[in-house]
Each structure stands twice: as structure tokens, then as C-alpha cells.
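Report on the structure given below.
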Protein chains: 2
Amino acid sequence: MTSLWRQRPVGIVGLGLIGGSLGLDLRASGATVHALVHRQTTAERARERQLADRVDTDPAVLRDCGLIVLALPLDRLLDPDPALVAALPAAAVVTDVGSVKQPVLERWQPWHRRFVASHPMAGTAEAGVEAGVQGLFAGRPWVATPTADTDPEALAAVQTLAEAVGAAWLQCEASAHDRAVALISHMPVLVSAALLQTAEQGGTAAGAGALVRRLASSGFADTSRIGGGNPELGTLMARCNRPAVLQALAHYRQQLAALEGLVESEQWDALQAELGHCQALRPEFL
Amino acid sequence: MTSLWRQRPVGIVGLGLIGGSLGLDLRASGATVHALVHRQTTAERARERQLADRVDTDPAVLRDCGLIVLALPLDRLLDPDPALVAALPAAAVVTDVGSVKQPVLERWQPWHRRFVASHPMAGTAEAGVEAGVQGLFAGRPWVATPTADTDPEALAAVQTLAEAVGAAWLQCEASAHDRAVALISHMPVLVSAALLQTAEQGGTAAGAGALVRRLASSGFADTSRIGGGNPELGTLMARCNRPAVLQALAHYRQQLAALEGLVESEQWDALQAELGHCQALRPEFL
């Protein structure tokens with residue numbers, strides 16, 4: 001499998017956090033990387049940072065690639081430039097890095113017979129051509145969501161790529177992936193954002209706007225971190241994974257209402273039992 | 001002011017995280033510390049750890065103290081041992097460290113004319129006689145909530161104590177304090193706990209119980225941290241600050257429903273604007 005992409009350049013479309021990090025890691029592992037970017041200024045900066053061996057704004061840069069990673073934001077991945085689609089060699093393995101898999105599969109599988117939907121679950125708060133760092137994928141899950149139509153050789157090639165950058169490979173159904181990430185990533189963004197809004201507006205309503213800001217400590221910082229993250233990304237997640245996010249929110253609303261009910265009815269033993277369960281549960285998610 | 005407590009022993013009631021840390025810091029600053037604990041085994045361990053100069057289970061240990069800090073859990077603070085109340089010298093300044101101030105004031109102000117309600121906002125995940133560490137209060141807020149009846153000299157003595165251990169002193173109304181901590185600390189515990197419950201139950205319902213655990217990353221770890229914390233403490237906060245916690249939850253529910261409405265009605269620009277506001281807002285709370 002290794003030969004499939006080691007003997008030909010690896011293509012990367014987009015050199016943001018994921019694409020740029022991938023370029024650095026692949027080059028460090030000895031692979032040749034050809035990258036396509038949207039803007040000339042990005043291309044120049046990517047060359048300076050040596051994120052790829054070749055960087056161009058012309059899709060022809062992908063011509064010789066054996067494996068191409070579409071490291072585009074979800075919206076551009078789901079509505080790609082036709083010139084990009086046309087430029088992908090029919091023989092190349094093509095994969096993506098989107099955080100939602102069902103809509104990506106629906107869009108891309110009919111377009112390319114060697115398409116493999118995948119999702120490296122690594123990130124930092126950074127974005128853009130300056131964001132890529134070496135070692136981003138080490139020990140992180142890289143999830144593939146093959147279907148009955150997925151080319152097994154193409155799937156194996158993506159696995160080799162993922163493992164070459166140190167990621168932990170796993171496979172599941174696209175729908176299971178999308179529901180899982182809604183629960184542990186996309187819905188929590190909204191839960192966390194609502195907390196920031198409530199602290200702001202509740203503080204103001206209580207005449208304690210300065211006080212809430214002064215007293216907020218590490219617990220609030222942690223709980224509000226993802227709610228204060230990249231707004232474009234949070235919106236794209238909700239938009240592209242809408243049914244699963246709405247289902248997760250409905251479930252969440254019920255759970256929170258149950259806890260609120262225990263406070264309302266002063267059932268302290270029951271509340272402590274629930275919080276005790278949460279304390280025991282959390283290590284399973286770490 | 002310094003003389004008020006430097007020339008006589010400082011009393012600490014309870015040598016858990018807060019009491020033990022305070023004992024270590026005060027001894028390091030040259031003060032003499034006399035501590036009262038509940039159990040003989042705690043007393044022995046506290047002596048081994050040198051948390052105080054004298055540790056006893058007999059309230060008489062507090063007799064010579066000029067300033068006494070009640071470092072008890074909220075439930076024991078609000079329903080104290082009558083022998084403790086009787087043992088507090090009438091001339092001593094008495095303060096507490098509870099995370100809710102209105103009920104503490106209502107209970108303690110009639111009992112002791114030199115009582116000052118206060119709340120050092122420092123903590124770790126640890127509890128008990130092993131938890132105390134030096135430097136816990138450095139740079140952290142220490143909030144006092146005086147009333148018209150508070151003895152100004154007693155208030156100044158507590159301020160001197162707080163500043164001696166490096167805390168940042170501030171004063172506000174007890175009701176404002178309780179509403180603020182509900183918004184940034186007590187309510188978020190329930191918001192975070194409901195997230196853990198939803199991930200568990202939603203994962204199971206989606207047939208993706210193992211997957212949600214495997215894919216949960218640093219974002220989920222951060223958002224779920226306080227929900228997976230000490231269940232006794234989370235319950236006490238809700239119980240002792242119930243009206244403010246219920247008010248904060250009601251406010252939170254509205255905010256989350258508004259965000260859910262934007263997802264439901266696919267108002268992506270509006271959602272992105274809200275998340276952009278949250279991104280700009282968060283640094284104010286750090």
C-alpha cells in the first residue's frame with residue numbers, strides 16, 4: 001500500500017490547519033507533496049513555510065498525484081470548484097478531512113470512484129496558512145466511513161497515510177460518526193456558547209456585569225472554551241450536521257430539564273446521585 | 001490591622017483544601033495557627049503535614065485566637081455544631097470561606113457580632129486533609145460581602161489575612177455575589193453534567209456508545225470537566241444557592257433555545273453572528 005502514494009506525489013487541496021500540518025508531516029516522512037491553494041498570497045506564504053514541495057493555484061498541480069487529500073472547509077468541500085473536481089485524476093485515491101461524513105459521501109462518492117470519506121480528529125484554535133504544525137495527528141483518531149461502494153485498495157491507501165502521520169485509524173458508518181460528533185463536538189459548541197451569553201446577559205440583568213467577569217475562574221474558562229471558538233467552524237458544523245445536532249440538542253434539553261427539576265423539587269440525594277454518576281462517567285471520555 | 005491577628009493565633013476550623021492551604025500559607029508567613037478538626041485521624045494527619053501549629057478535636061483549641069476562619073463545607077457551615085458556636089471567643093473576628101454568602105450571613109451574623117462573610121475563590125479538584133497546598137490563594141479573588149452591620153475593624157482584619165496569602169481582595173453585596181457565582185460556577189456545573197449524560201445516553205441510543213467515548217477529544221474534556229467534579233460540592237452549591245441557580249438555569253434555557261431556533265430555521269448568518277459575539281466576549285471572562 002505504501003507504494004501507492006510514496007512513489008507518486010501526495011496532493012493536498014487547502015493548506016490551512018489540517019492541510020498545512022499534513023504537508024509538514026508528510027514531507028518529514030519523505031513523501032513529496034503537491035498542494036493546491038485558492039489564493040496567490042496563500043501560495044507564497046505556504047512556500048515560505050515549506051508546507052509542500054510544490055504549491056500552486058492551478059489545479060494542474062495535482063496531475064501526477066496518486067493520493068489527494070481535500071483539506072477544505074466543509075462548505076467548500078460540499079460545493080467545490082468544478083475546476084477542482086475536473087482536475088482530480090480518475091486513478092488517484094481521493095479523501096477529505098471534513099468533520100461531517102454523510103453529506104460528504106453523498107456529494108463525492110458519485111463524482112469519484114476512488115473517494116474515501118475520512119476525518120482526522122485533530123485541531124487547535126488556529127486556522128489559515130500560519131496554523132499548520134508538525135505532529136498534529138500523533139495519537140489522534142483518524143476515522144474513515146467506508147460504504148459498500150468504497151474501493152478497498154483506496155481505503156487501505158488512506159489508512160497508510162493516516163498511520164504515516166501517527167494517527168490512530170478507525171472505521172465506522174458515516175451516520176454513526178455524524179451522530180457521535182454531534183454529541184461530543186458539534187452540539188457542545190452551542191451548549192458552551194449559551195453559557196457565555198447567559199453569563200453576559202444574566203450578569204447585566206443582576207447588575208453584576210463587572211463582578212461575573214472578575215469572578216469567573218478556570219472552571220468557567222474550560223466550560224466556555226469551545227463556545228468562544230471559531231464562529232465560522234461552529235456554524236458549518238451545525239449547518240452540515242443539522243439533523244444530528246438538533247437530535248443531540250433535544251436530548252440535551254431533556255437531560256438539563258431533569259437536573260433542573262431535581263433542584264426545583266429539592267431532591268438533593270437524587271441530584272447528588274446524578275452528579276456522582278457523571279463523575280464516574282467522565283474518565284470513559286478522556 | 002496586622003497586629004490584630006499576628007499577635008494572637010489564627011484559628012482555622014476544618015483542614016480540607018481551603019483550611020489546609022490557608023494553614024500552610026499562614027504558617028509560612030510567620031503566623032501561629034490553631035486548628036479544630038472533626039476527627040482524630042484527621043488531626044493526626046494534619047499534624048504530620050504540619051498544616052497548623054496546634055491541631056485538636058476540642059473546640060477549646062480556638063480559645064486564644066484573634067481571628068477564626070470557618071473553613072467548613074457549606075452544609076456544616078449552615079448547620080454548625082453548637083459546641084463550635086459556643087467556643088468562638090466573642091472578641092474574635094470570625095469569617096467563613098463558603099461559596100454562597102446570603103444564607104451564611106443570615107445564619108451567622110446574629111450569632112457573632114464580629115462575623116465577616118467571605119469567599120476565597122480558589123480551588124483544585126482535591127478535597128480532604130491531603131488536599132491543602134501552599135500558594136493556593138495567590139492572585140485569586142477573595143470576596144467579602146459586608147452588610148451595614150459588619151464591624152469595619154473585623155472586615156479590615158479579614159482583608160489583611162486575605163492579602164497576607166496573596167489573594168486579590170474585593171467587596172460586594174451578598175446577593176450580587178450569589179447571583180454572579182450561580183452564573184459562572186454553580187449553574188455551569190449542571191450544564192456540564194447534562195452534557196456528560198447526553199453523550200452517554202445519546203451515544204447508546206445511536207448505537208455508538210463506544211464511538212462517542214473514543215472520539216471525544218480535548219474540547220469535550222474541557223466542557224465536561226466541572227460536570228464530572230465533586231458531586232457533594234455540586235449538590236451543596238445548588239442547594240445553598242437554589243434561587244439564583246434556578247434563575248440562571250431559566251436564563252440559560254432561553255439562550256440555548258434561541259441558538260437551537262437558529263439551527264432549526266437554518267438562519268446560518270444569524271448563528272454565525274451569535275457565535276462571533278461569543279468569541280469576542282470570552283476574553284472578558286478570562
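Each chain in the C-alpha cells gets a letter, A, B, ..., in the order shown, and its residues are numbered from 1; ligands are numbered from 1 in order too.
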From stretch 61-204 of chain A, collect each residue whose DSSP state is strand (DSSP E) and return the set as number ranges by chain. A: 67-70, 93-96, 115-116, 118-120, 141-144, 168-171
Could you make a table, as a Markdown table, of the residues of chain B that have an atom within 6 Å of an atom of chain A, each with its nearest atom pair and distance in Å to one decimal, counting only C-alpha atoms, in chain and number order?
| residue | atom | partner | partner_atom | distance |
| --- | --- | --- | --- | --- |
| B:Ala180 | CA | A:Val212 | CA | 5.1 |
| B:Leu183 | CA | A:Ala199 | CA | 5.4 |
| B:Ile184 | CA | A:Ala216 | CA | 5.7 |
| B:Ala194 | CA | A:Leu256 | CA | 5.3 |
| B:Thr198 | CA | A:Tyr252 | CA | 5.5 |
| B:Ala199 | CA | A:Leu183 | CA | 5.4 |
| B:Val212 | CA | A:Ala180 | CA | 5.1 |
| B:Arg213 | CA | A:Phe285 | CA | 4.6 |
| B:Ala216 | CA | A:Ile184 | CA | 5.7 |
| B:Phe220 | CA | A:Ile184 | CA | 5.9 |
| B:Asp222 | CA | A:Asp222 | CA | 4.9 |
| B:Thr223 | CA | A:Thr223 | CA | 4.2 |
| B:Gly228 | CA | A:Gln279 | CA | 3.9 |
| B:Gly229 | CA | A:Gln279 | CA | 5.7 |
| B:Pro231 | CA | A:Leu275 | CA | 4.9 |
| B:Thr235 | CA | A:Gln272 | CA | 5.6 |
| B:Tyr252 | CA | A:Thr198 | CA | 5.4 |
| B:Gln255 | CA | A:Ala194 | CA | 5.4 |
| B:Leu256 | CA | A:Ala194 | CA | 5.3 |
| B:Gln272 | CA | A:Pro231 | CA | 5.5 |
| B:Leu275 | CA | A:Pro231 | CA | 4.9 |
| B:Gly276 | CA | A:Pro231 | CA | 5.1 |
| B:Cys278 | CA | A:Gly228 | CA | 5.1 |
| B:Gln279 | CA | A:Gly228 | CA | 3.9 |
| B:Arg282 | CA | A:Gly228 | CA | 5.7 |
| B:Phe285 | CA | A:Arg213 | CA | 4.6 |
Can you tell me how far atom CA of A:Thr150 sits from atom CA of A:Asn241, in Å to one decimal?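 Atom CA of A:Thr150 sits 21.8 Å away from atom CA of A:Asn241.
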With a distance cut-off of 9 Å and only C-alpha atoms, select the neighbouring residues of stretch 42-52 of chain B, excluding the residue or stretch itself and same-chain residues fewer than 2 positions from it, and output the selection as a PDB file with N, CA and C atoms, in the first residue's frame.
ATOM      1  N   ILE B  12      -8.324  28.041  62.598  1.00  0.00           N
ATOM      2  CA  ILE B  12      -8.936  27.512  61.370  1.00  0.00           C
ATOM      3  C   ILE B  12      -9.802  26.326  61.762  1.00  0.00           C
ATOM      4  N   LEU B  15      -9.633  21.418  58.117  1.00  0.00           N
ATOM      5  CA  LEU B  15      -8.336  21.449  57.413  1.00  0.00           C
ATOM      6  C   LEU B  15      -8.422  20.688  56.088  1.00  0.00           C
ATOM      7  N   GLY B  19      -8.943  25.124  54.203  1.00  0.00           N
ATOM      8  CA  GLY B  19      -8.369  25.285  55.541  1.00  0.00           C
ATOM      9  C   GLY B  19      -6.913  24.854  55.594  1.00  0.00           C
ATOM     10  N   GLY B  20      -6.609  23.736  54.988  1.00  0.00           N
ATOM     11  CA  GLY B  20      -5.238  23.225  54.991  1.00  0.00           C
ATOM     12  C   GLY B  20      -4.291  24.144  54.232  1.00  0.00           C
ATOM     13  N   SER B  21      -4.742  24.641  53.083  1.00  0.00           N
ATOM     14  CA  SER B  21      -3.903  25.554  52.286  1.00  0.00           C
ATOM     15  C   SER B  21      -3.656  26.848  53.043  1.00  0.00           C
ATOM     16  N   LEU B  22      -4.706  27.327  53.702  1.00  0.00           N
ATOM     17  CA  LEU B  22      -4.596  28.550  54.486  1.00  0.00           C
ATOM     18  C   LEU B  22      -3.608  28.355  55.638  1.00  0.00           C
ATOM     19  N   GLY B  23      -3.695  27.199  56.316  1.00  0.00           N
ATOM     20  CA  GLY B  23      -2.766  26.897  57.410  1.00  0.00           C
ATOM     21  C   GLY B  23      -1.319  26.931  56.934  1.00  0.00           C
ATOM     22  N   LEU B  24      -1.065  26.288  55.802  1.00  0.00           N
ATOM     23  CA  LEU B  24       0.300  26.253  55.265  1.00  0.00           C
ATOM     24  C   LEU B  24       0.801  27.661  54.938  1.00  0.00           C
ATOM     25  N   ASP B  25      -0.046  28.446  54.255  1.00  0.00           N
ATOM     26  CA  ASP B  25       0.371  29.799  53.862  1.00  0.00           C
ATOM     27  C   ASP B  25       0.581  30.703  55.072  1.00  0.00           C
ATOM     28  N   LEU B  26      -0.328  30.605  56.056  1.00  0.00           N
ATOM     29  CA  LEU B  26      -0.219  31.484  57.229  1.00  0.00           C
ATOM     30  C   LEU B  26       1.021  31.142  58.047  1.00  0.00           C
ATOM     31  N   ARG B  27       1.277  29.843  58.208  1.00  0.00           N
ATOM     32  CA  ARG B  27       2.484  29.445  58.957  1.00  0.00           C
ATOM     33  C   ARG B  27       3.733  29.927  58.231  1.00  0.00           C
ATOM     34  N   THR B  32       0.947  32.080  63.829  1.00  0.00           N
ATOM     35  CA  THR B  32       0.701  30.852  64.585  1.00  0.00           C
ATOM     36  C   THR B  32      -0.735  30.401  64.293  1.00  0.00           C
ATOM     37  N   VAL B  33      -0.895  29.128  63.976  1.00  0.00           N
ATOM     38  CA  VAL B  33      -2.216  28.629  63.570  1.00  0.00           C
ATOM     39  C   VAL B  33      -2.689  27.539  64.524  1.00  0.00           C
ATOM     40  N   HIS B  34      -3.894  27.731  65.050  1.00  0.00           N
ATOM     41  CA  HIS B  34      -4.546  26.703  65.864  1.00  0.00           C
ATOM     42  C   HIS B  34      -5.742  26.175  65.091  1.00  0.00           C
ATOM     43  N   ALA B  35      -5.820  24.862  64.919  1.00  0.00           N
ATOM     44  CA  ALA B  35      -6.890  24.317  64.082  1.00  0.00           C
ATOM     45  C   ALA B  35      -7.779  23.342  64.831  1.00  0.00           C
ATOM     46  N   LEU B  36      -9.054  23.428  64.527  1.00  0.00           N
ATOM     47  CA  LEU B  36     -10.046  22.497  65.064  1.00  0.00           C
ATOM     48  C   LEU B  36     -10.502  21.576  63.933  1.00  0.00           C
ATOM     49  N   VAL B  37     -10.430  20.277  64.163  1.00  0.00           N
ATOM     50  CA  VAL B  37     -10.948  19.335  63.159  1.00  0.00           C
ATOM     51  C   VAL B  37     -11.938  18.396  63.825  1.00  0.00           C
ATOM     52  N   HIS B  38     -12.666  17.662  62.991  1.00  0.00           N
ATOM     53  CA  HIS B  38     -13.764  16.845  63.480  1.00  0.00           C
ATOM     54  C   HIS B  38     -13.259  15.508  64.019  1.00  0.00           C
ATOM     55  N   ARG B  39     -12.353  14.897  63.278  1.00  0.00           N
ATOM     56  CA  ARG B  39     -11.954  13.524  63.603  1.00  0.00           C
ATOM     57  C   ARG B  39     -10.508  13.422  64.055  1.00  0.00           C
ATOM     58  N   GLN B  40     -10.268  12.483  64.948  1.00  0.00           N
ATOM     59  CA  GLN B  40      -8.933  12.251  65.493  1.00  0.00           C
ATOM     60  C   GLN B  40      -7.940  11.863  64.393  1.00  0.00           C
ATOM     61  N   ARG B  54      -1.017  23.923  66.179  1.00  0.00           N
ATOM     62  CA  ARG B  54      -1.761  23.034  67.074  1.00  0.00           C
ATOM     63  C   ARG B  54      -2.994  22.544  66.339  1.00  0.00           C
ATOM     64  N   VAL B  55      -3.279  21.249  66.467  1.00  0.00           N
ATOM     65  CA  VAL B  55      -4.497  20.687  65.861  1.00  0.00           C
ATOM     66  C   VAL B  55      -5.197  19.879  66.941  1.00  0.00           C
ATOM     67  N   ASP B  56      -6.495  20.117  67.098  1.00  0.00           N
ATOM     68  CA  ASP B  56      -7.221  19.394  68.139  1.00  0.00           C
ATOM     69  C   ASP B  56      -8.667  19.146  67.683  1.00  0.00           C
ATOM     70  N   THR B  57      -9.309  18.186  68.334  1.00  0.00           N
ATOM     71  CA  THR B  57     -10.740  17.946  68.067  1.00  0.00           C
ATOM     72  C   THR B  57     -11.593  18.628  69.138  1.00  0.00           C
ATOM     73  N   GLY B 128     -10.168  17.214  51.291  1.00  0.00           N
ATOM     74  CA  GLY B 128      -9.685  16.455  52.438  1.00  0.00           C
ATOM     75  C   GLY B 128      -8.333  16.930  52.953  1.00  0.00           C
ATOM     76  N   VAL B 129      -7.890  16.272  53.992  1.00  0.00           N
ATOM     77  CA  VAL B 129      -6.693  16.698  54.728  1.00  0.00           C
ATOM     78  C   VAL B 129      -5.413  16.596  53.895  1.00  0.00           C
ATOM     79  N   GLU B 130      -5.448  15.806  52.824  1.00  0.00           N
ATOM     80  CA  GLU B 130      -4.268  15.699  51.948  1.00  0.00           C
ATOM     81  C   GLU B 130      -4.240  16.808  50.895  1.00  0.00           C
ATOM     82  N   GLY B 132      -4.624  20.283  50.949  1.00  0.00           N
ATOM     83  CA  GLY B 132      -4.046  21.611  51.156  1.00  0.00           C
ATOM     84  C   GLY B 132      -2.675  21.761  50.511  1.00  0.00           C
TER      85      GLY B 132
END
